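Dumped final31.tsv below, it's TSV, C-alpha atoms:
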chain	number	residue	atom	x	y	z
D	1	MET	CA	138.95	254.29	-51.28
D	2	ASN	CA	140.74	255.09	-54.54
D	3	ILE	CA	139.26	256.60	-57.71
D	4	PRO	CA	138.66	253.29	-59.59
D	5	ASN	CA	136.73	251.94	-56.59
D	6	LYS	CA	134.69	255.15	-56.41
D	7	ILE	CA	133.86	254.75	-60.11
D	8	THR	CA	132.77	251.16	-59.45
D	9	ILE	CA	130.53	252.30	-56.59
D	10	SER	CA	129.01	254.96	-58.87
D	11	ARG	CA	128.03	252.14	-61.24
D	12	ILE	CA	126.13	250.46	-58.42
D	13	LEU	CA	124.46	253.76	-57.45
D	14	LEU	CA	123.19	254.25	-61.01
D	15	ILE	CA	121.19	250.99	-60.91
D	16	PRO	CA	118.13	252.37	-59.03
D	17	PHE	CA	117.91	255.32	-61.43
D	18	PHE	CA	118.11	252.96	-64.39
D	19	VAL	CA	115.37	250.72	-62.97
D	20	ILE	CA	113.04	253.61	-62.15
D	21	VAL	CA	113.41	255.17	-65.60
D	22	MET	CA	112.79	251.84	-67.33
D	23	MET	CA	109.84	250.72	-65.19
D	24	PHE	CA	107.75	253.86	-64.94
D	25	ASP	CA	106.22	255.53	-67.96
D	26	PHE	CA	106.71	259.22	-67.37
D	27	ASN	CA	104.51	260.09	-70.36
D	28	TRP	CA	107.49	261.37	-72.27
D	29	GLY	CA	106.04	259.92	-75.46
D	30	THR	CA	107.70	257.82	-78.11
D	31	MET	CA	110.52	258.38	-80.52
D	32	SER	CA	111.89	256.90	-83.71
D	33	LEU	CA	115.60	256.16	-83.95
D	34	PHE	CA	117.01	254.64	-87.14
D	35	GLY	CA	113.79	252.77	-87.85
D	36	ALA	CA	113.06	251.64	-84.29
D	37	GLU	CA	110.05	253.01	-82.41
D	38	MET	CA	110.51	253.15	-78.65
D	39	PRO	CA	109.24	254.97	-75.58
D	40	VAL	CA	111.47	257.91	-74.71
D	41	HIS	CA	111.97	256.53	-71.21
D	42	HIS	CA	113.42	253.32	-72.70
D	43	PHE	CA	115.90	255.41	-74.68
D	44	ILE	CA	116.92	257.35	-71.55
D	45	GLY	CA	117.15	254.10	-69.57
D	46	ALA	CA	119.35	252.62	-72.29
D	47	LEU	CA	121.65	255.65	-72.12
D	48	ILE	CA	121.93	255.29	-68.33
D	49	PHE	CA	122.72	251.58	-68.74
D	50	ILE	CA	125.33	252.23	-71.45
D	51	PHE	CA	126.96	254.99	-69.40
D	52	ALA	CA	127.05	252.77	-66.29
D	53	SER	CA	128.50	249.92	-68.36
D	54	THR	CA	131.31	252.08	-69.74
D	55	THR	CA	132.42	252.88	-66.20
D	56	ASP	CA	133.50	249.21	-66.03
D	57	TRP	CA	136.13	249.87	-68.68
D	58	VAL	CA	137.08	253.26	-67.18
D	59	ASP	CA	137.70	251.97	-63.65
D	60	GLY	CA	139.70	248.98	-64.91
D	61	TYR	CA	141.83	251.10	-67.23
D	62	TYR	CA	142.48	253.71	-64.53
D	63	ALA	CA	143.34	251.07	-61.92
D	64	ARG	CA	145.84	249.32	-64.21
D	65	LYS	CA	147.40	252.49	-65.62
D	66	TYR	CA	148.07	254.05	-62.21
D	67	ASN	CA	148.72	250.77	-60.37
D	68	LEU	CA	145.63	251.19	-58.18
D	69	VAL	CA	144.42	247.59	-58.36
D	70	THR	CA	143.14	246.55	-54.92
D	71	THR	CA	141.68	243.38	-53.44
D	72	PHE	CA	138.51	245.36	-52.71
D	73	GLY	CA	138.34	246.45	-56.35
D	74	LYS	CA	138.89	242.89	-57.63
D	75	PHE	CA	135.89	241.83	-55.59
D	76	LEU	CA	133.66	244.88	-56.07
D	77	ASP	CA	134.12	245.38	-59.83
D	78	PRO	CA	132.66	242.03	-60.95
D	79	LEU	CA	129.94	242.35	-58.30
D	80	ALA	CA	128.92	245.77	-59.69
D	81	ASP	CA	128.81	244.26	-63.18
D	82	LYS	CA	126.60	241.41	-61.99
D	83	LEU	CA	124.21	243.75	-60.19
D	84	LEU	CA	123.84	246.06	-63.19
D	85	VAL	CA	123.50	243.27	-65.74
D	86	SER	CA	121.11	241.24	-63.55
D	87	ALA	CA	118.87	244.27	-63.02
D	88	ALA	CA	118.80	244.90	-66.77
D	89	PHE	CA	118.06	241.26	-67.62
D	90	ILE	CA	115.24	241.07	-65.07
D	91	LEU	CA	113.76	244.26	-66.53
D	92	MET	CA	114.00	242.72	-70.00
D	93	VAL	CA	111.86	239.78	-68.86
D	94	GLU	CA	109.37	242.14	-67.21
D	95	LEU	CA	109.19	244.22	-70.40
D	96	ASP	CA	108.88	241.09	-72.60
D	97	MET	CA	112.23	241.77	-74.33
D	98	ALA	CA	113.81	238.40	-73.46
D	99	PRO	CA	112.67	234.87	-72.67
D	100	ALA	CA	112.78	234.07	-68.97
D	101	TRP	CA	114.60	230.73	-69.44
D	102	ILE	CA	117.67	232.44	-70.91
D	103	ILE	CA	117.74	235.01	-68.13
D	104	ILE	CA	117.36	232.29	-65.47
D	105	ILE	CA	120.44	230.50	-66.87
D	106	ILE	CA	122.45	233.72	-67.04
D	107	ILE	CA	121.57	234.89	-63.53
D	108	SER	CA	122.05	231.40	-62.07
D	109	ARG	CA	125.58	231.37	-63.49
D	110	GLU	CA	126.25	234.76	-61.93
D	111	PHE	CA	125.10	233.55	-58.49
D	112	ALA	CA	127.13	230.35	-58.81
D	113	VAL	CA	130.32	232.18	-59.75
D	114	THR	CA	129.78	234.73	-56.98
D	115	GLY	CA	129.41	231.84	-54.53
D	116	LEU	CA	132.65	230.33	-55.77
D	117	ARG	CA	134.36	233.72	-55.44
D	118	LEU	CA	133.23	233.83	-51.79
D	119	ILE	CA	134.65	230.34	-51.18
D	120	LEU	CA	137.93	231.42	-52.80
D	121	ALA	CA	137.98	234.58	-50.69
D	122	GLY	CA	137.56	232.40	-47.61
D	123	GLU	CA	140.67	230.54	-48.73
D	124	GLY	CA	142.52	233.84	-49.07
D	125	GLU	CA	142.30	234.03	-52.86
D	126	VAL	CA	140.72	236.87	-54.79
D	127	VAL	CA	140.51	236.09	-58.47
D	128	ALA	CA	140.05	238.88	-60.97
D	129	ALA	CA	137.92	238.26	-64.05
D	130	ASN	CA	139.81	236.51	-66.85
D	131	GLN	CA	139.55	237.29	-70.56
D	132	LEU	CA	136.64	234.89	-71.09
D	133	GLY	CA	134.73	236.53	-68.25
D	134	LYS	CA	135.32	239.93	-69.81
D	135	ILE	CA	134.02	238.69	-73.18
D	136	LYS	CA	130.96	237.33	-71.36
D	137	THR	CA	130.33	240.69	-69.72
D	138	TRP	CA	130.65	242.67	-72.95
D	139	THR	CA	128.41	240.30	-74.94
D	140	GLN	CA	125.79	240.64	-72.20
D	141	ILE	CA	126.10	244.43	-72.27
D	142	MET	CA	125.74	244.49	-76.07
D	143	ALA	CA	122.67	242.22	-75.91
D	144	ILE	CA	121.05	244.40	-73.25
D	145	ALA	CA	121.84	247.67	-75.03
D	146	ALA	CA	120.45	246.35	-78.32
D	147	ALA	CA	117.24	245.22	-76.62
D	148	LEU	CA	116.79	248.42	-74.60
D	149	LEU	CA	117.25	250.45	-77.79
D	150	HIS	CA	114.61	248.27	-79.48
D	151	ASN	CA	117.11	246.88	-81.99
D	152	THR	CA	117.72	250.32	-83.45
D	153	ILE	CA	119.72	250.55	-86.69
D	154	PHE	CA	119.34	246.80	-87.28
D	155	THR	CA	115.58	247.26	-87.68
D	156	LEU	CA	116.35	249.04	-90.95
D	157	ILE	CA	117.92	245.90	-92.42
D	158	GLY	CA	115.59	243.39	-90.76
D	159	ILE	CA	118.15	241.70	-88.54
D	160	ARG	CA	117.25	240.84	-84.94
D	161	PHE	CA	120.67	241.82	-83.61
D	162	ASP	CA	119.28	241.96	-80.07
D	163	GLU	CA	118.22	238.30	-80.22
D	164	ILE	CA	121.45	237.19	-81.88
D	165	MET	CA	123.49	238.96	-79.19
D	166	LEU	CA	121.34	237.46	-76.44
D	167	TYR	CA	122.16	233.94	-77.64
D	168	ILE	CA	125.84	234.82	-78.03
D	169	ALA	CA	125.78	236.21	-74.48
D	170	LEU	CA	124.12	233.00	-73.26
D	171	PHE	CA	126.86	230.93	-74.92
D	172	PHE	CA	129.70	232.95	-73.37
D	173	THR	CA	127.94	233.05	-70.01
D	174	VAL	CA	127.73	229.26	-69.84
D	175	TRP	CA	131.23	228.73	-71.23
D	176	SER	CA	132.89	231.24	-68.91
D	177	GLY	CA	131.00	229.82	-65.92
D	178	TRP	CA	132.15	226.30	-66.72
D	179	ASP	CA	135.71	227.58	-67.25
D	180	TYR	CA	135.70	229.44	-63.92
D	181	PHE	CA	134.58	226.35	-62.02
D	182	TYR	CA	137.00	224.11	-63.90
D	183	LEU	CA	139.98	226.39	-63.22
D	184	ASN	CA	139.07	226.56	-59.52
D	185	ARG	CA	137.91	222.96	-59.06
D	186	ARG	CA	140.73	222.30	-56.58
D	187	VAL	CA	139.01	224.52	-53.99
D	188	LEU	CA	135.73	222.66	-54.38
D	189	LEU	CA	137.34	219.23	-54.32
D	190	GLU	CA	139.49	220.02	-51.28
D	191	SER	CA	136.89	221.90	-49.22
D	192	LYS	CA	135.58	220.24	-46.09
Encoding of this model in structure tokens:
Amino acid sequence: MNIPNKITISRILLIPFFVIVMMFDFNWGTMSLFGAEMPVHHFIGALIFIFASTTDWVDGYYARKYNLVTTFGKFLDPLADKLLVSAAFILMVELDMAPAWIIIIIISREFAVTGLRLILAGEGEVVAANQLGKIKTWTQIMAIAAALLHNTIFTLIGIRFDEIMLYIALFFTVWSGWDYFYLNRRVLLESK
């Protein structure tokens, strides 16, 4: 168990704390941040989410820099991302911050790609996320962070950055999912 894998596991362990902080009103009051009014617990939840999300970059950078890339890490890292992002998206529907149909498409893609990864693993192949998958992940993270922070900063200029980013994330989610299946279609076509 190397350091990048431990960082990835810490991302998974932060998910319950994030969910609890977002779901339960601890009567911490409300706050105003660059024109956006929000419950304090949403702000703290957003900080937990953003911190957990940055560990994705940290573990990847550390693994590449010190040549600590492992098969376990290639599998666990995208799984940790999917768990964190799925939890956040489901919370957004619960908190009326996102339409359910968009979240259903996004989470369905994540399950489908995870299923394909398992099929590939059964064939002895572990495929790390490609550049399009990384763009998908970061657009999702930006959409979630903007929503959890109640569109702070952008509220001042009247732009719904959170909604714009959600649609951009949806676009990249669908595109990267199609690309992943297309690039690995041989496994599906040849499987018995």
field: Distance criterion (all atoms listed in the file): nearest to D:Val58 out of D:Pro4, D:Pro99, D:Gly73, D:Gly35
entry: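 Looking at the shortest contact to D:Val58, the residue is D:Pro4.
Among D:Phe26, D:Tyr66, D:Phe34, D:Phe49, the residue with the shortest atom-to-atom distance to D:Ile144, counting only C-alpha atoms, is D:Phe49.
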task: Point out the residue among D:Ile3, D:Leu33, D:Ile103, D:Ala87 with the least atom-to-atom distance to D:Ile15, counting all atoms listed in the file.
output: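 Closest residue, counting all atoms listed in the file: D:Ala87.
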- request: Could you please determine the separation between atom CA of D:Ile107 and atom CA of D:Val40 in Å, to one decimal place?
  value: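 Straight-line distance from atom CA of D:Ile107 to atom CA of D:Val40 works out to 27.5 Å.
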task: Go through D:Asn151, D:Gln131, D:Ser53, D:Ser86 one by one, measure the shortest atom-to-atom distance of each to D:Ser10 using all atoms listed in the file, and give the residue with the smallest value.
output: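 When distances to D:Ser10 are compared using all atoms listed in the file, the smallest one comes from D:Ser53.
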query: What does the distance between atom CA of D:Ile7 and atom CA of D:Glu110 come to in Å, to one decimal place?
result: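 Atom-to-atom, atom CA of D:Ile7 and atom CA of D:Glu110 are spaced 21.5 Å apart.
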Axis-aligned box over every listed atom of stretch 9-26 of chain D, padded by 4 Å per side: centre and edges in Å to one decimal, as AutoDock Vina command-line options?
--center_x 118.4 --center_y 254.8 --center_z -62.3 --size_x 32.3 --size_y 16.8 --size_z 19.4
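Distances here use only C-alpha atoms; by that measure, the residue among D:Ala100, D:Ile106, D:Leu120, D:Leu13 closest to D:Arg185 is D:Leu120.
Between atom CA of D:Leu76 and atom CA of D:Thr8 lies a distance of 7.2 Å.
Among the candidates D:Ile9, D:Met165, D:Ala36, D:Leu188, the residue lying nearest to D:Ile119 is D:Leu188 (atoms considered: all atoms listed in the file).
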message: Counting only C-alpha atoms, find residues at most 10 Å from (117.2, 244.1, -82.4) (file frame) and give them as number ranges by chain.
response: D: 36, 97, 143-156, 158-166
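Taking all atoms listed in the file into account, the residues near (127.3, 240.4, -65.4), no farther than 9 Å, are Pro78, Leu79, Ala80, Asp81, Lys82, Leu83, Leu84, Val85, Ser86, Ile106, Ile107, Glu110, Gly133, Lys136, Thr137, Trp138, Gln140, Ile141 and Thr173 of chain D.
Near D:Thr30, within 7 Å and counting all atoms listed in the file, sit Glu37, Met38, Pro39 and Val40 of chain D, not including residues fewer than 5 positions from it in the same chain.
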Using all atoms listed in the file, find each residue of stretch 61-169 of chain D with at least one atom at most 10 Å away from an atom of stretch 174-181 of chain D; report its shortest atom-to-atom pair and that distance in Å (one decimal), sort the rows by chain and rising residue number, and return the result as a tab-separated table.
residue	atom	partner	partner_atom	distance
D:Ile105	CA	D:Val174	CA	8.0
D:Ile106	CA	D:Val174	CA	7.5
D:Ser108	CA	D:Val174	CA	9.9
D:Arg109	CA	D:Gly177	CA	6.1
D:Glu110	CA	D:Gly177	CA	7.9
D:Ala112	CA	D:Gly177	CA	8.1
D:Val113	CA	D:Gly177	CA	6.6
D:Leu116	CA	D:Phe181	CA	7.7
D:Arg117	CA	D:Tyr180	CA	9.6
D:Val127	CA	D:Tyr180	CA	9.9
D:Ala129	CA	D:Tyr180	CA	9.1
D:Asn130	CA	D:Tyr180	CA	8.7
D:Gln131	CA	D:Ser176	CA	9.1
D:Leu132	CA	D:Ser176	CA	5.7
D:Gly133	CA	D:Ser176	CA	5.6
D:Lys134	CA	D:Ser176	CA	9.1
D:Ile135	CA	D:Ser176	CA	8.7
D:Lys136	CA	D:Ser176	CA	6.8
D:Thr137	CA	D:Ser176	CA	9.8
D:Ala169	CA	D:Val174	CA	8.6
